[in-house]
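Text of protein27.cif (mmCIF, C-alpha atoms) as supplied:
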data_my_file
#
loop_
_atom_site.label_atom_id
_atom_site.label_comp_id
_atom_site.auth_asym_id
_atom_site.auth_seq_id
_atom_site.Cartn_x
_atom_site.Cartn_y
_atom_site.Cartn_z
CA MET A 6 52.66 -11.31 -82.32
CA LEU A 7 54.47 -14.34 -81.09
CA LYS A 8 53.36 -13.68 -77.60
CA THR A 9 49.85 -14.64 -78.54
CA LEU A 10 51.03 -18.10 -79.49
CA LEU A 11 52.09 -18.85 -76.00
CA PRO A 12 49.54 -20.91 -74.16
CA ARG A 13 47.86 -19.19 -71.21
CA THR A 14 48.58 -22.16 -69.04
CA PHE A 15 52.20 -21.55 -69.30
CA LYS A 16 52.67 -20.19 -65.89
CA LYS A 17 56.32 -20.34 -65.31
CA PRO A 18 58.26 -17.27 -66.37
CA LEU A 19 60.01 -17.88 -69.60
CA SER A 20 63.57 -18.98 -69.28
CA PRO A 21 66.13 -16.24 -70.03
CA SER A 22 67.29 -18.17 -73.12
CA ILE A 23 63.89 -18.06 -74.73
CA LYS A 24 63.37 -14.49 -73.70
CA ARG A 25 66.37 -13.44 -75.61
CA LEU A 26 64.84 -14.81 -78.82
CA TYR A 27 62.08 -12.23 -78.86
CA SER A 28 62.40 -8.58 -79.37
CA THR A 29 59.79 -7.76 -76.78
CA PRO A 30 59.62 -9.70 -73.55
CA PRO A 31 56.18 -11.18 -72.86
CA GLU A 32 54.10 -9.43 -70.26
CA PRO A 33 54.02 -11.30 -66.97
CA LEU A 34 50.75 -13.20 -66.50
CA LYS A 35 48.17 -11.32 -64.47
CA LYS A 36 47.85 -13.17 -61.29
CA LYS A 37 45.84 -12.45 -58.21
CA VAL A 38 47.70 -11.23 -55.18
CA TYR A 39 48.12 -14.06 -52.70
CA SER A 40 46.33 -12.25 -49.94
CA ARG A 41 43.16 -12.27 -52.03
CA ILE A 42 43.09 -16.04 -52.48
CA PRO A 43 41.63 -18.23 -49.75
CA LEU A 44 44.43 -20.54 -48.62
CA ASN A 45 42.44 -23.74 -49.01
CA SER A 46 40.88 -23.07 -52.37
CA GLU A 47 41.74 -23.02 -56.02
CA PRO A 48 42.44 -19.59 -57.45
CA LEU A 49 39.25 -17.94 -58.53
CA LYS A 50 38.56 -18.14 -62.20
CA ASN A 51 36.68 -14.97 -62.52
CA PRO A 52 37.34 -12.89 -59.41
CA SER A 53 35.51 -9.79 -60.44
CA LYS A 54 32.14 -11.61 -60.64
CA GLU A 55 32.64 -13.70 -57.51
CA TYR A 56 33.26 -10.65 -55.41
CA LYS A 57 30.19 -8.92 -56.57
CA LYS A 58 27.49 -8.49 -53.95
CA GLN A 59 24.84 -11.17 -54.18
CA GLY A 60 22.09 -9.85 -51.86
CA PRO A 61 19.91 -6.80 -52.25
CA ASP A 62 21.50 -3.44 -51.75
CA PHE A 63 21.62 -2.61 -48.06
CA GLU A 64 23.45 0.32 -46.64
CA PHE A 65 23.34 1.01 -42.91
CA ALA A 66 23.15 4.71 -43.45
CA THR A 67 19.89 4.43 -45.38
CA TRP A 68 16.42 4.77 -43.89
CA LYS A 69 16.10 0.99 -43.78
CA GLY A 70 19.12 0.84 -41.58
CA LEU A 71 17.76 3.50 -39.28
CA VAL A 72 14.40 1.76 -39.00
CA LEU A 73 16.07 -1.55 -38.20
CA THR A 74 18.26 0.05 -35.54
CA GLY A 75 15.20 1.74 -34.05
CA VAL A 76 13.14 -1.46 -33.92
CA VAL A 77 15.94 -3.54 -32.42
CA GLY A 78 16.78 -0.79 -29.95
CA ALA A 79 13.17 -0.45 -28.81
CA GLY A 80 12.89 -4.22 -28.38
CA VAL A 81 16.04 -4.40 -26.28
CA TYR A 82 14.89 -1.41 -24.22
CA VAL A 83 11.49 -2.95 -23.45
CA TYR A 84 13.05 -6.31 -22.59
CA PHE A 85 15.60 -4.87 -20.21
CA LYS A 86 13.05 -2.60 -18.60
CA HIS A 87 10.88 -5.63 -17.89
CA GLU A 88 13.87 -7.55 -16.56
CA LYS A 89 14.93 -4.67 -14.35
CA LYS A 90 11.51 -4.43 -12.74
CA ARG A 91 11.33 -8.20 -12.29
CA ILE A 92 14.75 -8.35 -10.69
CA GLN A 93 13.98 -5.46 -8.36
CA THR A 94 10.75 -7.13 -7.21
CA GLN A 95 12.60 -10.38 -6.75
CA LYS A 96 15.40 -8.71 -4.85
CA GLU A 97 12.88 -7.14 -2.51
CA ALA A 98 11.24 -10.52 -1.92
CA ASP A 99 14.62 -12.18 -1.43
CA SER A 100 15.82 -9.68 1.10
CA ASN A 101 12.60 -10.24 3.04
CA ARG A 102 12.88 -14.00 2.80
CA GLY A 103 16.43 -13.75 4.06
CA VAL A 104 17.84 -15.10 0.82
CA ASN A 105 21.26 -13.82 0.04
CA LYS A 106 23.24 -14.44 -3.13
CA ASN A 107 26.30 -15.36 -1.13
CA SER A 108 24.81 -17.29 1.74
CA GLY A 109 21.80 -18.96 0.12
CA TYR A 110 18.68 -19.34 2.24
CA GLY A 111 18.85 -17.56 5.53
CA LYS A 112 16.47 -17.47 8.43
CA PRO A 113 13.18 -15.83 7.50
CA LEU A 114 12.68 -12.53 9.26
CA ILE A 115 8.93 -12.90 9.55
CA GLY A 116 6.72 -15.95 9.85
CA GLY A 117 7.33 -19.40 11.24
CA PRO A 118 5.48 -22.17 13.02
CA PHE A 119 2.16 -21.42 14.68
CA GLU A 120 -1.00 -23.26 15.60
CA LEU A 121 -4.45 -21.70 15.66
CA ILE A 122 -8.04 -22.75 14.96
CA ASP A 123 -10.22 -21.54 12.12
CA THR A 124 -13.89 -20.53 12.33
CA ASN A 125 -15.00 -24.12 11.78
CA GLY A 126 -12.93 -25.31 14.72
CA ASN A 127 -10.24 -26.95 12.58
CA VAL A 128 -6.55 -26.65 13.44
CA PHE A 129 -4.67 -24.25 11.18
CA THR A 130 -0.87 -24.19 11.12
CA GLN A 131 1.86 -22.63 8.97
CA LYS A 132 1.62 -25.79 6.79
CA ASP A 133 -1.76 -24.54 5.59
CA LEU A 134 -0.05 -21.53 4.03
CA GLU A 135 1.67 -23.79 1.50
CA GLY A 136 0.42 -24.06 -2.06
CA LYS A 137 -1.31 -20.68 -2.03
CA TRP A 138 -0.46 -17.01 -1.87
CA SER A 139 -1.59 -15.84 1.56
CA LEU A 140 -2.43 -12.33 2.69
CA VAL A 141 -2.30 -12.32 6.46
CA TYR A 142 -3.97 -9.54 8.44
CA PHE A 143 -4.01 -9.09 12.21
CA GLY A 144 -6.92 -7.26 13.82
CA PHE A 145 -9.91 -7.62 16.14
CA THR A 146 -13.63 -7.65 15.54
CA HIS A 147 -14.48 -4.80 17.94
CA CYS A 148 -12.12 -2.53 16.05
CA PRO A 149 -13.63 0.95 15.54
CA ASP A 150 -12.59 1.97 12.02
CA ILE A 151 -9.18 0.81 10.81
CA CYS A 152 -9.74 -2.97 10.65
CA PRO A 153 -13.05 -2.82 8.78
CA GLU A 154 -11.56 -0.36 6.30
CA GLU A 155 -8.55 -2.58 5.82
CA LEU A 156 -10.69 -5.67 5.37
CA ASP A 157 -12.76 -3.86 2.74
CA GLN A 158 -9.48 -2.93 1.12
CA LEU A 159 -8.48 -6.61 1.18
CA GLY A 160 -11.77 -7.43 -0.58
CA GLU A 161 -10.98 -4.87 -3.29
CA TRP A 162 -7.53 -6.35 -3.81
CA LEU A 163 -8.99 -9.85 -4.08
CA ASN A 164 -11.50 -8.66 -6.68
CA ILE A 165 -8.77 -6.98 -8.73
CA LEU A 166 -6.56 -10.05 -8.44
CA SER A 167 -9.25 -12.52 -9.46
CA SER A 168 -10.34 -10.33 -12.38
CA LYS A 169 -6.76 -10.49 -13.66
CA GLY A 170 -6.63 -14.25 -13.22
CA TYR A 171 -4.75 -14.39 -9.94
CA THR A 172 -7.05 -16.78 -8.13
CA ASN A 173 -4.67 -18.81 -5.98
CA MET A 174 -5.13 -16.49 -3.00
CA GLN A 175 -5.80 -17.27 0.63
CA PRO A 176 -6.82 -14.23 2.69
CA ILE A 177 -6.36 -14.73 6.43
CA PHE A 178 -7.61 -12.73 9.41
CA ILE A 179 -5.88 -13.45 12.73
CA THR A 180 -7.39 -11.90 15.83
CA CYS A 181 -5.29 -10.09 18.42
CA ASP A 182 -8.19 -10.32 20.85
CA PRO A 183 -8.77 -14.01 21.60
CA ASN A 184 -10.78 -13.20 24.73
CA ARG A 185 -13.73 -11.81 22.81
CA ASP A 186 -13.03 -13.21 19.35
CA THR A 187 -14.20 -16.80 19.51
CA PRO A 188 -14.52 -18.75 16.23
CA GLU A 189 -18.27 -17.95 16.17
CA VAL A 190 -17.77 -14.20 16.67
CA ILE A 191 -15.12 -14.08 13.92
CA LYS A 192 -17.29 -16.14 11.59
CA ASP A 193 -20.22 -13.71 11.91
CA TYR A 194 -17.89 -10.75 11.57
CA LEU A 195 -16.11 -11.96 8.42
CA GLU A 196 -19.37 -12.82 6.66
CA GLU A 197 -19.83 -9.12 5.95
CA PHE A 198 -16.51 -8.93 4.13
CA HIS A 199 -15.09 -10.68 1.07
CA GLU A 200 -16.01 -14.34 1.00
CA GLY A 201 -13.32 -16.88 1.65
CA ILE A 202 -11.42 -14.97 4.32
CA VAL A 203 -10.05 -17.49 6.79
CA GLY A 204 -10.57 -16.31 10.37
CA LEU A 205 -8.15 -17.61 12.98
CA THR A 206 -8.08 -17.48 16.75
CA GLY A 207 -6.60 -19.49 19.61
CA THR A 208 -5.68 -19.29 23.25
CA HIS A 209 -4.08 -16.12 24.52
CA GLU A 210 -0.69 -17.88 24.42
CA GLN A 211 -1.16 -19.12 20.85
CA VAL A 212 -2.16 -15.69 19.62
CA LYS A 213 0.73 -14.08 21.47
CA HIS A 214 3.07 -16.59 19.83
CA VAL A 215 1.84 -16.00 16.27
CA CYS A 216 2.01 -12.24 16.76
CA LYS A 217 5.59 -12.61 17.91
CA GLN A 218 6.43 -14.73 14.85
CA TYR A 219 5.01 -12.05 12.56
CA ARG A 220 6.52 -9.20 14.59
CA VAL A 221 3.05 -7.86 15.25
CA TYR A 222 2.77 -5.50 18.15
CA PHE A 223 -0.47 -5.72 20.09
CA SER A 224 -1.57 -4.72 23.56
CA THR A 225 -4.74 -5.55 25.40
CA PRO A 226 -5.55 -3.40 28.43
CA LYS A 227 -5.11 -5.31 31.67
CA ASP A 228 -7.83 -6.04 34.24
CA VAL A 229 -10.80 -5.14 32.06
CA PRO A 230 -14.00 -5.86 34.01
CA LYS A 231 -16.03 -8.59 32.37
CA GLY A 232 -18.47 -7.29 29.79
CA GLN A 233 -16.80 -3.91 29.44
CA ASP A 234 -15.75 -2.66 26.04
CA TYR A 235 -12.08 -2.07 25.32
CA LEU A 236 -9.72 -1.42 22.40
CA VAL A 237 -6.75 -3.50 21.26
CA ASP A 238 -3.80 -1.58 19.96
CA HIS A 239 -2.05 -3.36 17.09
CA SER A 240 0.14 -2.78 14.06
CA ILE A 241 -1.50 -2.53 10.65
CA PHE A 242 0.09 -4.55 7.88
CA PHE A 243 -0.84 -7.15 5.33
CA TYR A 244 1.75 -9.89 5.20
CA LEU A 245 2.19 -11.43 1.76
CA MET A 246 3.36 -15.05 2.01
CA ASP A 247 4.41 -17.09 -1.03
CA PRO A 248 3.20 -20.66 -1.81
CA GLN A 249 6.12 -22.05 0.17
CA GLY A 250 4.74 -20.30 3.23
CA GLU A 251 7.60 -17.83 3.23
CA PHE A 252 7.29 -14.13 3.92
CA VAL A 253 7.51 -11.89 0.86
CA GLN A 254 6.48 -8.40 1.88
CA ALA A 255 4.55 -6.40 4.46
CA LEU A 256 2.06 -4.09 2.77
CA GLY A 257 1.34 -1.02 4.87
CA ARG A 258 -1.07 1.81 4.27
CA GLN A 259 1.11 3.29 1.52
CA TYR A 260 -0.18 0.41 -0.64
CA ASP A 261 -3.84 1.35 -0.19
CA GLY A 262 -5.96 0.91 -3.28
CA PRO A 263 -4.88 -0.51 -6.63
CA ALA A 264 -1.19 0.02 -5.81
CA GLY A 265 -1.31 -2.87 -3.35
CA ALA A 266 -2.92 -5.23 -5.85
CA ALA A 267 -0.32 -4.24 -8.46
CA LYS A 268 2.50 -4.95 -6.01
CA ILE A 269 1.07 -8.38 -5.20
CA MET A 270 0.78 -9.21 -8.91
CA ASP A 271 4.40 -8.14 -9.45
CA HIS A 272 5.53 -10.54 -6.74
CA ILE A 273 3.46 -13.41 -8.10
CA ASP A 274 4.78 -12.83 -11.64
CA ALA A 275 8.39 -12.71 -10.51
CA TYR A 276 7.93 -15.89 -8.48
CA ASN A 277 6.15 -17.78 -11.27
CA GLU A 278 8.80 -16.87 -13.80
CA ASP A 279 11.37 -18.48 -11.54
CA VAL A 280 9.31 -21.58 -11.01
CA GLU A 281 8.90 -21.95 -14.79
CA ASN A 282 12.64 -21.67 -15.14
CA GLY A 283 13.10 -24.65 -12.84
CA ASP A 284 14.77 -24.40 -9.51
CA LEU A 285 13.65 -21.33 -7.65
CA LEU A 286 16.95 -20.23 -6.23
CA ALA A 287 19.18 -21.35 -9.08
CA ALA A 288 17.00 -19.70 -11.66
CA LYS A 289 17.42 -16.43 -9.88
CA ASN A 290 21.13 -16.24 -10.50
CA LYS A 291 21.12 -17.69 -13.99
CA ARG A 292 20.63 -15.17 -16.74
CA TRP A 293 22.39 -14.79 -20.03
CA PHE A 294 23.52 -11.29 -19.17
CA ASP A 295 25.16 -9.93 -16.08
CA LYS A 296 22.31 -9.48 -13.67
CA SER A 297 24.27 -7.17 -11.41
CA VAL A 298 23.99 -4.37 -13.99
CA LEU A 299 20.24 -4.19 -13.43
CA GLU A 300 20.46 -4.48 -9.69
CA LYS A 301 22.01 -1.07 -9.36
CA MET B 30 -28.25 11.19 27.55
CA TRP B 31 -26.33 7.97 27.85
CA ILE B 32 -24.14 7.74 30.95
CA PRO B 33 -21.52 5.00 31.27
CA PHE B 34 -22.19 2.39 34.01
CA PHE B 35 -25.63 3.83 34.79
CA SER B 36 -27.70 3.57 31.65
CA SER B 37 -28.79 0.23 30.24
CA PRO B 38 -26.13 -1.42 28.02
CA LYS B 39 -26.02 -0.21 24.45
CA PRO B 40 -26.57 -2.85 21.73
CA ILE B 41 -23.19 -2.03 20.10
CA ASP B 42 -21.44 -2.76 23.37
CA ASN B 43 -22.45 -6.43 23.26
CA GLN B 44 -19.17 -8.19 24.00
CA LYS B 45 -20.53 -11.51 22.77
CA HIS B 46 -20.95 -10.21 19.26
CA ALA B 47 -18.86 -7.96 17.04
CA PRO B 48 -20.44 -4.74 15.74
CA ASP B 49 -21.83 -5.31 12.25
CA ARG B 50 -21.48 -3.14 9.18
CA LYS B 51 -24.80 -1.40 9.77
CA SER B 52 -24.07 -0.39 13.35
CA ARG B 53 -20.55 0.74 12.43
CA LYS B 54 -21.97 2.91 9.66
CA LEU B 55 -24.53 4.44 12.02
CA CYS B 56 -21.81 5.18 14.58
CA TRP B 57 -19.58 6.83 11.96
CA GLU B 58 -22.47 8.97 10.75
CA LYS B 59 -23.30 10.16 14.28
CA ARG B 60 -19.62 10.81 14.89
CA ASP B 61 -19.39 12.97 11.75
CA GLU B 62 -22.51 14.91 12.77
CA PHE B 63 -21.02 15.57 16.18
CA PHE B 64 -17.69 16.64 14.70
CA ASN B 65 -19.42 18.92 12.17
CA CYS B 66 -21.17 20.59 15.08
CA LEU B 67 -17.79 21.02 16.82
CA ASP B 68 -16.39 22.60 13.65
CA LYS B 69 -19.19 25.16 13.73
CA ILE B 70 -18.25 26.29 17.22
CA ASN B 71 -14.51 26.04 16.48
CA ILE B 72 -13.73 23.34 18.99
CA LEU B 73 -10.96 20.89 18.15
CA ASN B 74 -10.49 18.88 21.32
CA SER B 75 -13.87 17.82 22.64
CA LEU B 76 -12.24 15.95 25.52
CA ASP B 77 -10.76 19.14 26.96
CA PRO B 78 -12.81 20.05 30.08
CA LYS B 79 -12.69 23.77 29.28
CA ASN B 80 -14.75 23.10 26.12
CA ALA B 81 -17.38 21.11 27.99
CA LYS B 82 -19.75 24.02 28.52
CA ALA B 83 -19.69 25.19 24.90
CA ILE B 84 -20.34 21.65 23.71
CA LYS B 85 -23.21 21.22 26.15
CA ASP B 86 -24.78 24.46 25.00
CA ASN B 87 -24.42 23.86 21.26
CA CYS B 88 -23.90 20.18 20.47
CA SER B 89 -25.50 18.22 23.27
CA LYS B 90 -27.92 16.38 20.97
CA GLU B 91 -25.15 15.35 18.55
CA LYS B 92 -22.89 14.35 21.43
CA SER B 93 -25.43 12.10 23.09
CA GLU B 94 -26.39 10.43 19.79
CA PHE B 95 -22.72 9.86 19.04
CA GLU B 96 -22.19 8.35 22.47
CA PHE B 97 -25.22 6.13 22.29
CA ASN B 98 -24.52 4.71 18.82
CA CYS B 99 -20.80 4.10 19.18
CA ALA B 100 -19.17 1.44 21.33
CA THR B 101 -17.95 2.80 24.66
CA SER B 102 -14.27 2.26 23.84
CA TRP B 103 -14.68 4.05 20.52
CA ILE B 104 -16.02 7.29 21.99
CA GLU B 105 -12.74 8.47 23.42
CA TYR B 106 -10.78 6.94 20.55
CA PHE B 107 -12.60 8.92 17.87
CA GLN B 108 -12.27 12.19 19.78
CA GLU B 109 -8.55 11.66 20.32
CA LYS B 110 -8.13 10.65 16.69
CA ARG B 111 -9.78 13.89 15.57
CA VAL B 112 -7.12 15.91 17.37
CA ALA B 113 -4.28 13.69 16.14
CA GLU B 114 -5.58 13.83 12.58
CA TYR B 115 -5.80 17.63 12.70
CA LYS B 116 -2.21 17.88 13.95
CA ARG B 117 -1.09 15.49 11.24
CA GLN B 118 -2.77 17.58 8.56
CA MET B 119 -1.11 20.71 9.93
CA VAL B 120 2.33 19.08 9.75
CA ILE B 121 1.69 18.00 6.16
CA LYS B 122 0.45 21.49 5.27
CA GLU B 123 3.48 23.12 6.88
CA SER B 124 5.96 20.85 5.12
CA ASN B 125 4.21 21.42 1.81
CA GLU B 126 4.40 25.17 2.28
CA SER B 127 8.06 25.08 3.27
CA LEU B 128 8.79 23.22 0.03
CA LYS B 129 7.23 25.94 -2.09
#
File written out as structure tokens:
Amino acid sequence: MLKTLLPRTFKKPLSPSIKRLYSTPPEPLKKKVYSRIPLNSEPLKNPSKEYKKQGPDFEFATWKGLVLTGVVGAGVYVYFKHEKKRIQTQKEADSNRGVNKNSGYGKPLIGGPFELIDTNGNVFTQKDLEGKWSLVYFGFTHCPDICPEELDQLGEWLNILSSKGYTNMQPIFITCDPNRDTPEVIKDYLEEFHEGIVGLTGTHEQVKHVCKQYRVYFSTPKDVPKGQDYLVDHSIFFYLMDPQGEFVQALGRQYDGPAGAAKIMDHIDAYNEDVENGDLLAAKNKRWFDKSVLEK
Amino acid sequence: MWIPFFSSPKPIDNQKHAPDRKSRKLCWEKRDEFFNCLDKINILNSLDPKNAKAIKDNCSKEKSEFEFNCATSWIEYFQEKRVAEYKRQMVIKESNESLK
């Protein structure tokens, strides 16, 4: 056939004059549809091969696909669960610190300047709270049952915390009964509890002031004859203060036992994660996903 | 029997020194013994004057040991707390039952 003599490179359609010379018109050259050819490339020489899959067979409906989806899904679930807990803890701490997303740092609700003396007679102020996690407890040494139980509880928490590597703790006992609780009395008293508890006292005015700063209610009966025994009524909370000396949370009796230690560790973890991320406040609002979803 | 203001001061009442762990423990033990005795004669409020005779007849030994070994301010406190604690337990019990 004459058709076979025509070179393949002859792309233009044959002119009508030539066409007329042959009995059968030549078949039009098979050309790829334009939509199949990348605009910036030469036409493919052998399209059928080029379009063949190169990688291993992978169908999403197969068991491999299901396993992959499961693994990725579980990973995402665990990550977001962790984030949700962290953000909730942080939110709790923020609301206590008076930090608000819109207004930045506000006035702390609890805590503030105070001046007392420790059991060695040294001055102790709110500046001494900085650099450590403090657990502040208010009580009195002639307390019948609650304070000693709570101080034993504090010792348990400190043991749990140190066994888990949380050693940067500063437990503090502040007396609500400065009349009887001199530095010497407190020193003897605290020796029977966990070591390292800082005992603080001061003048009646100083103690009254620090109790007011921490919103601690206390009442000493008036006109007690000298040498007579009396009780001091006071509120029972542990105040957790962060290494900036700011109030984080008040731990009441619902946190008795390991629950309290777990709560403290949650707060420390959330705080440390922020510090690692750089600026404490900025880090809080910077996440690659919309944080507000988890806040709900 | 130890009588306030008349008997010689009790060691635990020393206002110059806080009660130590040992003396607290002793006081709590004597308190529990006294309260166990009260349970036996079905008395809740040991501060109520109308129970005084029954306590004197049945638990006078426990009462005086409790009073001697506990600080003066604690004596009334523990007896009041016993009543308050009982009421608290009753409230919890009631609310638990109403939930059933």
Chain and number of each residue from the PyMOL selection byres ((chain A) within 8 of (chain B)), as a ChimeraX atom specification = /A:146-147,149,185,190-191,193-194,197,232-236
Considering all atoms listed in the file, return as a ChimeraX atom specification whatever protein or nucleic-acid residues lie within 8 Å of stretch 110-119 of chain B, sequence-local ones (same chain, fewer than 4 positions apart) excluded.
-> /B:73-74,106,123
Dump C-alpha atoms for the selected residues as a compact mmCIF listing (two decimals), in the coordinates of the input?
# COMPACT_ATOMS: atom_id res chain seq x y z
CA LEU B 73 -10.96 20.89 18.15
CA ASN B 74 -10.49 18.88 21.32
CA TYR B 106 -10.78 6.94 20.55
CA GLU B 123 3.48 23.12 6.88
Please write as a PyMOL selection string the full residue list that the PyMOL selection byres ((chain B and resi 89) around 12) yields on this file.
-> chain B and resi 30-31+62-64+66-67+75+81-88+90-96
Gap from atom CA of A:Pro263 to atom CA of A:Glu155 - Å, one decimal |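 So the answer is 13.1 Å.
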Let me know the residues the PyMOL selection byres ((chain A and resi 139) around 9) catches in the file above, as a PDB file with C-alpha atoms, in the coordinates of the input.
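The new file result-v2.pdb reads:
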ATOM      1  CA  LEU A 134      -0.050 -21.530   4.030  1.00  0.00           C
ATOM      2  CA  GLU A 135       1.670 -23.790   1.500  1.00  0.00           C
ATOM      3  CA  LYS A 137      -1.310 -20.680  -2.030  1.00  0.00           C
ATOM      4  CA  TRP A 138      -0.460 -17.010  -1.870  1.00  0.00           C
ATOM      5  CA  LEU A 140      -2.430 -12.330   2.690  1.00  0.00           C
ATOM      6  CA  VAL A 141      -2.300 -12.320   6.460  1.00  0.00           C
ATOM      7  CA  ASN A 173      -4.670 -18.810  -5.980  1.00  0.00           C
ATOM      8  CA  MET A 174      -5.130 -16.490  -3.000  1.00  0.00           C
ATOM      9  CA  GLN A 175      -5.800 -17.270   0.630  1.00  0.00           C
ATOM     10  CA  PRO A 176      -6.820 -14.230   2.690  1.00  0.00           C
ATOM     11  CA  ILE A 177      -6.360 -14.730   6.430  1.00  0.00           C
ATOM     12  CA  TYR A 244       1.750  -9.890   5.200  1.00  0.00           C
ATOM     13  CA  LEU A 245       2.190 -11.430   1.760  1.00  0.00           C
ATOM     14  CA  MET A 246       3.360 -15.050   2.010  1.00  0.00           C
ATOM     15  CA  ASP A 247       4.410 -17.090  -1.030  1.00  0.00           C
ATOM     16  CA  PRO A 248       3.200 -20.660  -1.810  1.00  0.00           C
ATOM     17  CA  GLY A 250       4.740 -20.300   3.230  1.00  0.00           C
TER      18      GLY A 250
END
For atom CA of A:Val237 and atom CA of A:Phe223, quote the distance in Å rounded to one decimal.
->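 Interatomic distance, atom CA of A:Val237 to atom CA of A:Phe223: 6.8 Å.
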One-decimal distance in Å that lies between atom CA of A:Gly262 and atom CA of A:Asp133 | 27.3 Å
